[in-house]
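Structure file coords.txt (compact mmCIF, C-alpha atoms and all ligand atoms) is printed below.
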```
# COMPACT_ATOMS: atom_id res chain seq x y z
CA MET A 1351 211.60 277.15 -97.54
CA SER A 1352 212.38 275.94 -94.05
CA SER A 1353 214.42 279.06 -93.28
CA THR A 1354 211.45 281.20 -94.42
CA PHE A 1355 209.24 279.27 -92.12
CA SER A 1356 211.47 279.63 -89.10
CA ALA A 1357 211.93 283.34 -89.82
CA LEU A 1358 208.16 283.68 -89.91
CA GLN A 1359 207.95 281.80 -86.66
CA VAL A 1360 210.46 284.14 -85.05
CA VAL A 1361 208.49 287.18 -86.16
CA PHE A 1362 205.32 285.59 -84.96
CA ILE A 1363 206.68 284.52 -81.60
CA THR A 1364 208.13 287.98 -81.06
CA ALA A 1365 204.71 289.48 -81.74
CA LEU A 1366 203.05 287.01 -79.44
CA VAL A 1367 205.54 287.63 -76.69
CA THR A 1368 204.91 291.35 -76.93
CA VAL A 1369 201.15 290.95 -76.86
CA LEU A 1370 201.10 288.49 -74.01
CA GLU A 1371 203.77 290.26 -71.96
CA PHE A 1372 205.31 286.88 -71.60
CA SER A 1373 206.80 286.06 -68.25
CA ALA A 1374 208.77 282.94 -67.42
CA ASN A 1375 206.94 280.67 -65.07
CA THR A 1376 209.13 278.66 -62.73
CA LYS A 1377 206.60 275.83 -62.37
CA GLY A 1378 205.65 275.46 -66.01
CA GLN A 1379 208.08 275.29 -68.88
CA THR A 1380 208.06 277.69 -71.78
CA THR A 1381 206.92 276.20 -75.03
CA GLU A 1382 208.58 276.91 -78.36
CA GLY A 1383 205.50 278.78 -79.49
CA LEU A 1384 201.81 278.30 -79.00
CA PHE A 1385 200.71 278.25 -82.63
CA ARG A 1386 202.16 277.06 -85.86
CA ARG A 1387 201.30 277.95 -89.41
CA GLN A 1388 199.14 275.32 -90.89
CA VAL A 1389 201.46 274.11 -93.60
CA ASN A 1390 200.03 270.76 -94.59
CA CYS A 1391 197.28 272.14 -96.86
CA VAL A 1392 199.05 274.49 -99.26
CA GLY A 1393 196.82 277.29 -100.52
CA GLU A 1394 193.97 276.25 -98.23
CA VAL A 1395 192.71 277.56 -94.91
CA VAL A 1396 190.32 276.14 -92.31
CA SER A 1397 186.79 276.53 -93.58
CA ARG A 1398 184.86 279.49 -92.25
CA ASN A 1399 182.14 277.50 -90.54
CA GLN A 1400 184.85 276.13 -88.23
CA CYS A 1401 186.04 279.66 -87.44
CA PRO A 1402 182.82 281.49 -86.64
CA VAL A 1403 184.12 284.24 -84.34
CA GLN A 1404 185.46 287.25 -86.17
CA VAL A 1405 187.55 289.95 -84.47
CA GLN A 1406 189.37 292.94 -85.94
CA THR A 1407 193.08 292.83 -85.20
CA THR A 1408 196.21 294.52 -86.37
CA THR A 1409 198.66 291.68 -85.82
CA VAL A 1410 198.95 287.91 -85.85
CA GLY A 1411 200.03 288.10 -82.19
CA LYS A 1412 196.83 289.85 -81.12
CA CYS A 1413 194.81 287.33 -83.05
CA ALA A 1414 196.65 284.54 -81.18
CA ALA A 1415 195.96 286.30 -77.88
CA TRP A 1416 192.22 286.45 -78.72
CA CYS A 1417 192.26 282.74 -79.45
CA LEU A 1418 194.01 281.88 -76.18
CA GLN A 1419 191.43 283.86 -74.22
CA ARG A 1420 188.53 282.06 -75.79
CA ASP A 1421 187.41 278.65 -74.53
CA GLY A 1422 187.49 276.01 -77.23
CA CYS A 1423 189.60 278.05 -79.66
CA LEU A 1424 192.02 275.70 -81.43
CA GLY A 1425 193.42 278.07 -84.01
CA PHE A 1426 192.64 281.05 -86.21
CA VAL A 1427 192.64 282.30 -89.74
CA ARG A 1428 194.26 285.65 -90.19
CA ASP A 1429 193.38 287.81 -93.16
CA SER A 1430 196.03 290.49 -93.46
CA SER A 1431 194.37 292.25 -96.38
CA GLN A 1432 191.21 292.89 -94.31
CA GLY A 1433 192.78 293.14 -90.83
CA GLU A 1434 190.50 290.31 -89.77
CA CYS A 1435 190.90 287.34 -87.52
CA HIS A 1436 188.61 284.32 -87.45
CA LEU A 1437 188.80 282.15 -84.37
CA CYS A 1438 188.37 278.44 -85.06
CA VAL A 1439 186.69 275.94 -82.78
CA ALA A 1440 188.08 273.14 -84.92
CA THR A 1441 191.24 273.11 -86.99
CA ALA A 1442 191.84 271.33 -90.26
CA ARG A 1443 192.85 267.72 -90.12
CA PRO A 1444 196.18 266.69 -91.63
CA ASP A 1445 194.23 265.18 -94.53
CA CYS A 1446 192.98 268.70 -95.32
CA THR A 1447 189.31 267.99 -94.77
CA ASN A 1448 187.28 271.04 -93.75
CA THR A 1449 189.50 273.44 -95.60
CA GLN A 1450 188.75 275.90 -98.35
CA PRO A 1451 190.92 277.84 -100.78
CA ALA A 1452 192.65 280.78 -99.12
CA SER A 1453 191.92 284.33 -100.25
CA PRO A 1454 194.93 286.54 -100.85
CA GLY A 1455 196.43 287.45 -97.48
CA GLU A 1456 194.75 284.61 -95.56
CA LYS A 1457 196.83 282.29 -93.43
CA ALA A 1458 195.77 279.63 -90.97
CA TYR A 1459 197.40 278.93 -87.63
CA GLU A 1460 196.72 276.13 -85.24
CA LEU A 1461 197.23 275.81 -81.53
CA ILE A 1462 199.92 273.30 -80.74
CA GLN A 1463 199.71 273.48 -77.00
CA ILE A 1464 197.35 270.54 -76.90
CA ALA A 1465 200.29 268.72 -75.32
CA CYS A 1466 199.63 270.60 -72.05
CA MET A 1467 196.53 268.52 -71.59
CA THR A 1468 198.50 265.38 -70.70
CA ASN A 1469 197.83 264.49 -67.07
CA GLY A 1470 195.31 267.26 -66.69
CA GLY A 1471 197.54 270.23 -67.53
CA THR A 1472 196.11 273.41 -69.01
CA SER A 1473 197.43 276.03 -71.38
CA SER A 1474 198.12 279.26 -69.64
CA PHE A 1475 197.80 282.68 -71.14
CA SER A 1476 201.46 283.42 -70.38
CA GLY A 1477 202.68 280.85 -72.86
CA THR A 1478 203.47 278.02 -70.48
CA CYS A 1479 201.77 274.78 -69.64
CA LYS A 1480 200.24 274.83 -66.18
CA CYS A 1481 200.82 271.34 -64.84
CA PRO A 1482 199.12 269.69 -61.86
CA SER A 1483 201.37 269.27 -58.81
CA GLY A 1484 203.97 266.58 -59.39
CA PHE A 1485 203.93 266.73 -63.19
CA GLY A 1486 206.31 268.65 -65.40
CA GLY A 1487 208.01 268.87 -68.76
CA ASN A 1488 206.96 270.91 -71.78
CA GLY A 1489 203.56 269.25 -71.86
CA CYS A 1490 203.08 267.99 -68.28
CA GLN A 1491 204.01 264.58 -69.63
CA ILE A 1492 206.57 263.68 -66.93
CA GLN A 1493 205.41 262.31 -63.60
CA MET A 1494 207.94 263.67 -61.11
CA LYS A 1495 208.44 260.68 -58.84
CA ASP A 1496 211.27 262.34 -56.93
CA CYS A 1497 213.88 265.05 -57.50
CA ASP A 1498 215.55 263.17 -60.36
CA GLY A 1499 212.73 264.05 -62.75
CA TRP A 1500 213.06 267.76 -61.99
CA GLN A 1501 216.82 267.54 -62.29
CA GLU A 1502 216.62 265.85 -65.69
CA ALA A 1503 214.21 268.58 -66.81
CA GLY A 1504 216.93 271.11 -65.92
CA TYR A 1505 215.57 272.67 -62.75
CA PRO A 1506 217.93 274.17 -60.13
CA ASN A 1507 218.10 273.44 -56.37
CA GLY A 1508 214.82 274.14 -54.67
CA VAL A 1509 211.60 272.76 -53.32
CA TYR A 1510 209.41 270.88 -55.81
CA TRP A 1511 206.17 268.94 -55.89
CA VAL A 1512 206.68 265.22 -56.40
CA ARG A 1513 204.15 262.47 -57.03
CA PRO A 1514 205.76 259.07 -56.43
CA SER A 1515 202.44 257.33 -56.95
CA LEU A 1516 199.53 258.22 -59.20
CA ASN A 1517 197.09 257.08 -56.53
CA THR A 1518 198.25 259.49 -53.84
CA GLU A 1519 198.58 263.23 -53.37
CA ALA A 1520 201.67 265.06 -54.51
CA PHE A 1521 203.87 266.57 -51.79
CA ARG A 1522 206.78 268.99 -51.59
CA VAL A 1523 210.39 267.93 -51.15
CA ARG A 1524 213.69 269.76 -51.15
CA CYS A 1525 215.94 268.84 -54.06
CA SER A 1526 219.68 269.27 -53.99
CA MET A 1527 220.35 268.89 -57.70
CA GLU A 1528 224.15 269.05 -57.77
CA TRP A 1529 224.22 265.92 -55.56
CA ASN A 1530 221.07 264.29 -56.98
CA ARG A 1531 219.49 264.31 -53.55
CA THR A 1532 215.87 264.08 -52.49
CA VAL A 1533 216.08 265.37 -48.92
CA ILE A 1534 214.06 263.52 -46.27
CA MET A 1535 215.57 265.13 -43.16
CA SER A 1536 217.52 268.30 -42.58
CA ARG A 1537 218.88 269.49 -39.23
CA THR A 1538 221.12 272.51 -38.89
CA SER A 1539 220.11 273.69 -35.41
CA ASN A 1540 218.08 272.55 -32.41
CA THR A 1541 215.28 275.03 -33.12
CA LEU A 1542 212.99 272.35 -34.48
CA ASP A 1543 211.99 269.91 -31.74
CA PHE A 1544 212.41 266.25 -32.77
CA ASN A 1545 210.86 264.82 -29.60
CA ARG A 1546 207.61 264.19 -31.47
CA SER A 1547 204.56 261.98 -31.56
CA TRP A 1548 203.85 259.09 -33.93
CA VAL A 1549 201.48 261.24 -35.98
CA ASP A 1550 204.17 263.92 -36.41
CA TYR A 1551 206.80 261.39 -37.53
CA ARG A 1552 204.28 259.78 -39.87
CA ASP A 1553 203.06 263.02 -41.47
CA GLY A 1554 206.25 265.07 -41.27
CA PHE A 1555 207.11 268.31 -39.49
CA GLY A 1556 209.14 271.46 -39.96
CA ASP A 1557 209.47 273.36 -43.21
CA VAL A 1558 210.91 271.60 -46.26
CA GLU A 1559 212.69 274.87 -47.09
CA GLY A 1560 214.59 274.56 -43.79
CA ASP A 1561 214.95 272.02 -40.99
CA HIS A 1562 212.38 269.27 -41.31
CA TRP A 1563 211.42 265.61 -41.24
CA LEU A 1564 209.61 264.68 -44.47
CA GLY A 1565 207.34 262.10 -42.82
CA LEU A 1566 207.43 258.29 -42.80
CA GLU A 1567 204.45 257.98 -45.13
CA ASN A 1568 206.01 260.21 -47.79
CA ILE A 1569 209.38 258.50 -47.36
CA ARG A 1570 207.64 255.15 -47.81
CA LEU A 1571 205.89 256.39 -50.98
CA LEU A 1572 209.24 257.48 -52.41
CA SER A 1573 210.54 253.93 -51.98
CA GLN A 1574 207.55 252.24 -53.66
CA PRO A 1575 206.96 250.05 -55.55
CA GLN A 1576 210.69 249.49 -56.04
CA PRO A 1577 213.09 249.95 -53.13
CA TYR A 1578 214.88 253.28 -53.36
CA PRO A 1579 218.43 252.80 -54.67
CA CYS A 1580 220.08 254.48 -51.72
CA LEU A 1581 219.36 255.99 -48.31
CA VAL A 1582 222.17 258.29 -47.20
CA ILE A 1583 222.77 259.68 -43.72
CA GLN A 1584 225.33 262.45 -43.47
CA PHE A 1585 226.90 264.05 -40.42
CA THR A 1586 228.83 267.29 -40.82
CA LEU A 1587 231.14 268.41 -38.03
CA SER A 1588 231.80 272.05 -37.14
CA ASN A 1589 235.23 271.75 -38.81
CA PHE A 1590 233.32 270.92 -42.07
CA SER A 1591 234.48 267.32 -42.24
CA PHE A 1592 231.57 265.15 -43.25
CA TYR A 1593 230.80 261.49 -42.80
CA ILE A 1594 228.27 259.42 -44.65
CA ALA A 1595 226.57 256.05 -44.31
CA ARG A 1596 224.76 254.52 -47.29
CA TYR A 1597 222.09 251.84 -47.34
CA LEU A 1598 221.25 250.32 -50.68
CA GLY A 1599 217.80 249.11 -51.70
CA PHE A 1600 215.99 251.10 -49.03
CA GLY A 1601 212.30 250.72 -48.23
CA LEU A 1602 209.76 250.96 -45.44
CA SER A 1603 206.74 248.84 -44.64
CA ASP A 1604 203.40 250.64 -44.41
CA GLU A 1605 201.85 252.00 -41.23
CA THR A 1606 200.29 248.68 -40.27
CA GLY A 1607 203.85 247.32 -40.14
CA ASN A 1608 204.94 250.44 -38.22
CA TYR A 1609 207.20 251.55 -41.06
CA ALA A 1610 209.70 248.76 -40.46
CA LEU A 1611 213.11 249.52 -41.93
CA ASP A 1612 214.35 247.51 -44.88
CA PHE A 1613 217.43 247.67 -47.08
CA HIS A 1614 219.48 245.18 -49.06
CA GLU A 1615 222.91 246.05 -47.80
CA SER A 1616 224.90 248.62 -45.93
CA LYS A 1617 227.63 249.68 -48.26
CA CYS A 1618 229.98 252.50 -49.17
CA LEU A 1619 230.29 253.42 -45.51
CA SER A 1620 232.90 256.07 -45.81
CA PRO A 1621 235.28 255.62 -42.92
CA PRO A 1622 235.09 256.37 -40.15
CA MET A 1623 231.27 256.45 -40.10
CA GLY A 1624 230.35 252.84 -39.44
CA ASP A 1625 227.17 250.86 -39.81
CA CYS A 1626 224.44 251.54 -37.30
CA LEU A 1627 221.27 250.52 -39.13
CA GLY A 1628 222.50 246.96 -39.70
CA SER A 1629 221.49 246.21 -36.12
CA VAL A 1630 217.95 247.57 -36.59
CA LYS A 1631 217.20 246.20 -40.04
CA GLY A 1632 213.61 244.93 -40.04
CA LYS A 1633 212.75 246.83 -36.84
CA PRO A 1634 209.63 249.02 -36.66
CA PHE A 1635 209.73 252.74 -36.01
CA SER A 1636 209.02 254.03 -32.49
CA THR A 1637 208.10 257.33 -30.90
CA TYR A 1638 207.46 258.19 -27.24
CA ASP A 1639 203.75 257.51 -27.75
CA ALA A 1640 204.13 254.44 -30.00
CA ASP A 1641 206.64 252.06 -28.45
CA HIS A 1642 207.57 249.20 -30.79
CA ASP A 1643 211.10 248.63 -29.52
CA ASP A 1644 212.62 245.51 -27.94
CA ASP A 1645 213.40 247.24 -24.67
CA GLY A 1646 210.81 245.45 -22.51
CA GLY A 1647 209.06 247.98 -20.29
CA GLY A 1648 211.31 250.90 -21.23
CA SER A 1649 210.89 253.31 -24.13
CA CYS A 1650 213.95 253.96 -26.25
CA ALA A 1651 212.17 256.91 -27.90
CA ALA A 1652 211.56 258.55 -24.52
CA LEU A 1653 215.15 257.82 -23.41
CA HIS A 1654 216.67 259.23 -26.60
CA GLN A 1655 213.98 261.95 -27.04
CA SER A 1656 213.64 261.00 -30.67
CA GLY A 1657 211.78 258.86 -33.16
CA TRP A 1658 213.77 256.04 -34.77
CA TRP A 1659 214.05 252.37 -35.61
CA PHE A 1660 215.07 250.87 -32.28
CA GLY A 1661 215.98 247.37 -31.28
CA GLY A 1662 217.14 247.29 -27.69
CA CYS A 1663 217.60 251.04 -27.98
CA THR A 1664 220.23 252.21 -30.41
CA MET A 1665 223.79 252.85 -31.45
CA CYS A 1666 222.78 256.00 -33.33
CA ASN A 1667 220.32 258.80 -32.69
CA PRO A 1668 220.20 261.21 -35.66
CA THR A 1669 216.83 262.55 -34.49
CA GLY A 1670 218.05 263.33 -30.96
CA VAL A 1671 218.85 266.71 -29.45
CA MET A 1672 221.35 268.80 -31.43
CA THR A 1673 223.91 270.18 -28.98
CA GLN A 1674 226.40 271.53 -31.53
CA PRO A 1675 229.34 271.96 -29.13
CA ALA A 1676 232.15 274.09 -30.53
CA ASP A 1677 234.72 271.42 -29.61
CA MET A 1678 232.57 268.73 -31.37
CA GLN A 1679 232.75 266.59 -28.22
CA ALA A 1680 229.59 264.69 -27.37
CA SER A 1681 228.35 264.79 -23.77
CA GLY A 1682 227.41 261.11 -23.76
CA ASN A 1683 223.84 261.85 -22.65
CA PRO A 1684 221.30 259.49 -24.23
CA GLU A 1685 219.09 262.25 -25.73
CA GLU A 1686 221.91 263.74 -27.78
CA VAL A 1687 222.50 263.14 -31.50
CA PHE A 1688 225.18 260.45 -31.86
CA TRP A 1689 226.38 257.72 -34.19
CA LYS A 1690 228.47 255.32 -32.13
CA PRO A 1691 229.95 253.11 -34.84
CA GLY A 1692 232.89 255.18 -35.99
CA LEU A 1693 231.83 258.56 -34.60
CA ASP A 1694 231.63 257.77 -30.91
CA GLY A 1695 232.33 260.87 -28.85
CA LEU A 1696 231.70 263.31 -31.73
CA SER A 1697 228.67 265.57 -31.97
CA PRO A 1698 227.73 266.97 -35.39
CA GLN A 1699 226.85 270.48 -36.48
CA LYS A 1700 224.50 269.24 -39.16
CA VAL A 1701 222.59 266.01 -39.81
CA GLU A 1702 220.95 265.23 -43.13
CA MET A 1703 219.16 262.25 -44.57
CA PHE A 1704 218.41 261.91 -48.24
CA LEU A 1705 217.55 259.47 -50.96
CA LYS A 1706 219.61 259.23 -54.10
CA ASP A 1707 220.41 256.96 -56.96
CA CYS A 1708 223.87 255.79 -55.97
CA GLN A 1709 225.86 252.68 -56.73
C1 LIG B 1 223.58 263.13 -60.98
O1 LIG B 1 222.86 262.40 -61.96
C2 LIG B 1 223.33 262.58 -63.29
C3 LIG B 1 222.44 261.81 -64.20
O2 LIG B 1 221.12 262.17 -64.00
C4 LIG B 1 224.77 262.13 -63.39
O3 LIG B 1 225.25 262.39 -64.68
C5 LIG B 1 225.61 262.85 -62.35
O4 LIG B 1 226.92 262.34 -62.38
C6 LIG B 1 225.03 262.67 -60.97
N1 LIG B 1 225.79 263.48 -60.02
C7 LIG B 1 226.13 263.02 -58.80
C8 LIG B 1 226.89 263.97 -57.95
O5 LIG B 1 225.82 261.92 -58.41
C1 LIG B 2 208.96 264.68 -25.18
O1 LIG B 2 207.63 265.02 -25.56
C2 LIG B 2 206.63 264.47 -24.71
C3 LIG B 2 205.29 264.87 -25.27
O2 LIG B 2 205.20 266.24 -25.45
C4 LIG B 2 206.82 264.98 -23.28
O3 LIG B 2 205.88 264.35 -22.44
C5 LIG B 2 208.22 264.69 -22.82
O4 LIG B 2 208.41 265.27 -21.55
C6 LIG B 2 209.22 265.25 -23.81
N1 LIG B 2 210.56 264.91 -23.37
C7 LIG B 2 211.41 265.87 -23.03
C8 LIG B 2 212.66 265.38 -22.41
O5 LIG B 2 211.18 267.05 -23.20
C1 LIG B 3 237.55 267.46 -38.01
O1 LIG B 3 237.52 266.83 -36.78
C2 LIG B 3 237.61 265.40 -36.83
C3 LIG B 3 237.44 264.86 -35.43
O2 LIG B 3 238.37 265.42 -34.56
C4 LIG B 3 238.92 264.99 -37.48
O3 LIG B 3 239.00 263.60 -37.55
C5 LIG B 3 239.01 265.60 -38.85
O4 LIG B 3 240.24 265.32 -39.43
C6 LIG B 3 238.82 267.12 -38.76
N1 LIG B 3 238.75 267.64 -40.10
C7 LIG B 3 239.45 268.71 -40.47
C8 LIG B 3 239.23 269.17 -41.87
O5 LIG B 3 240.24 269.27 -39.72
```

Just give me the structure as structure tokens.
Amino acid sequence: MSSTFSALQVVFITALVTVLEFSANTKGQTTEGLFRRQVNCVGEVVSRNQCPVQVQTTTVGKCAAWCLQRDGCLGFVRDSSQGECHLCVATARPDCTNTQPASPGEKAYELIQIACMTNGGTSSFSGTCKCPSGFGGNGCQIQMKDCDGWQEAGYPNGVYWVRPSLNTEAFRVRCSMEWNRTVIMSRTSNTLDFNRSWVDYRDGFGDVEGDHWLGLENIRLLSQPQPYPCLVIQFTLSNFSFYIARYLGFGLSDETGNYALDFHESKCLSPPMGDCLGSVKGKPFSTYDADHDDDGGGSCAALHQSGWWFGGCTMCNPTGVMTQPADMQASGNPEEVFWKPGLDGLSPQKVEMFLKDCQ
């Protein structure tokens, strides 16, 4: 019995796929099939007054396609002996109310893509759920708070919409799935200027597909309401050696607190990249036009041509000017990218910051 059913399903899905010219949608997820045979009421079909629209069709698949095109259609009754299809605005309940005995050749099918409607998703004609930005899964049921949700749903590296909070807009982030990373800064050249205003650092700049700063507000949202397990800063030298610093329990205050830096502990600092942020824990963020540093009349942001959490200026400047010298030797100028604890004198080829769930 069950093998008959699944064979039927296969035939049906094949027909549907042909009719709909099914194409995989990278945002939505394919469903197992949009309709199922109504099997709970043996020998019965949905009563005709629930299926008022009649169309002539040659196949079950075309009947299904008619139903999908029609607003409010929840299923159909197919009569193979007459070549008829009746589109239903209501399907039979599991208790078999509103059903009537089936004529020879009549079979009822019901739409099972109701699941798409979770979180405001819609069924699409191509056989996928169309989910609002920041939701995913077969039925839009998963709120994608960061890249981990997309990774668990089996998506490859790429840029995805995330919605850390239901009360705020979704936004796009780059996800590096093989390392479980939600990227918040990427720098591979000096093309993108990081000498930027407060508004730019708050809202983000660059292109998430390439070099960019995700924006303090979005970074803050990612670390709410719980601190994010881990902030990682990675320097890669031109000889491909890389160095990472990890900060566990990372969070930022909101804009009224000038996005002050918080974390529980600096840990797993892979030698020789030492701790820099320990000295600026609790410090607000500064830019050339929003000076919140401890440097009296001076501006650390202007000196270092960057935006960062400064105390009396800084021991590291990941948002400074990328000089990328072939010999990896830093010039020692204050505007350059540097990380003094452990990497003094070395200038990186690449600087990345990301959030991840690390121990
Ligand atoms: C990524 O996360 C998965 C669990 O979601 C885990 O099994 C895997 O080991 C993690 N990979 C890395 C590189 O952290
Ligand atoms: C940094 O940007 C500000 C505002 O555009 C500008 O006044 C300043 O000269 C810039 N600094 C450098 C060194 O380019
Ligand atoms: C790359 O350069 C650094 C700094 O000179 C050095 O410590 C490291 O061993 C080098 N890595 C490789 C793979 O040669």

Coordinates of box centre and edge lengths for ligand LIG 2 (chain B), 5 Å on every side, axis-aligned, as lines of an AutoDock Vina configuration file:
```
center_x = 208.9
center_y = 265.7
center_z = -23.6
size_x = 17.5
size_y = 12.7
size_z = 14.0
```

Nearby residues, ligand LIG 2 (chain B), 10 Å, all atoms listed in the file, as a list in words
Asp1543, Phe1544, Asn1545, Arg1546, Ser1547, Thr1637, Tyr1638, Asp1639, Ala1651, Ala1652, Leu1653, His1654, Gln1655, Ser1656, Val1671 and Glu1685 of chain A

What residues of the protein or nucleic acid chains come within 8 Å of ligand LIG 1 (chain B) when you use only C-alpha atoms and all ligand atoms? Reply as number ranges by chain.
A: 1498, 1501-1502, 1527-1530, 1707-1708

Identify, counting all atoms listed in the file, the protein, DNA and RNA residues located within 9 Å of ligand LIG 3 (chain B), and give them as a ChimeraX atom specification.
/A:1587-1592,1622,1677-1679,1693,1696

Please determine, counting all atoms listed in the file, which residue among A:Gln1406, A:Val1558, A:Pro1634, A:Gln1400 has the shortest atom-to-atom distance to Cys1423 in chain A.
A:Gln1400

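Between CA of His1614 in chain A and CA of Ile1492 in chain A the interatomic distance comes to 28.8 Å.
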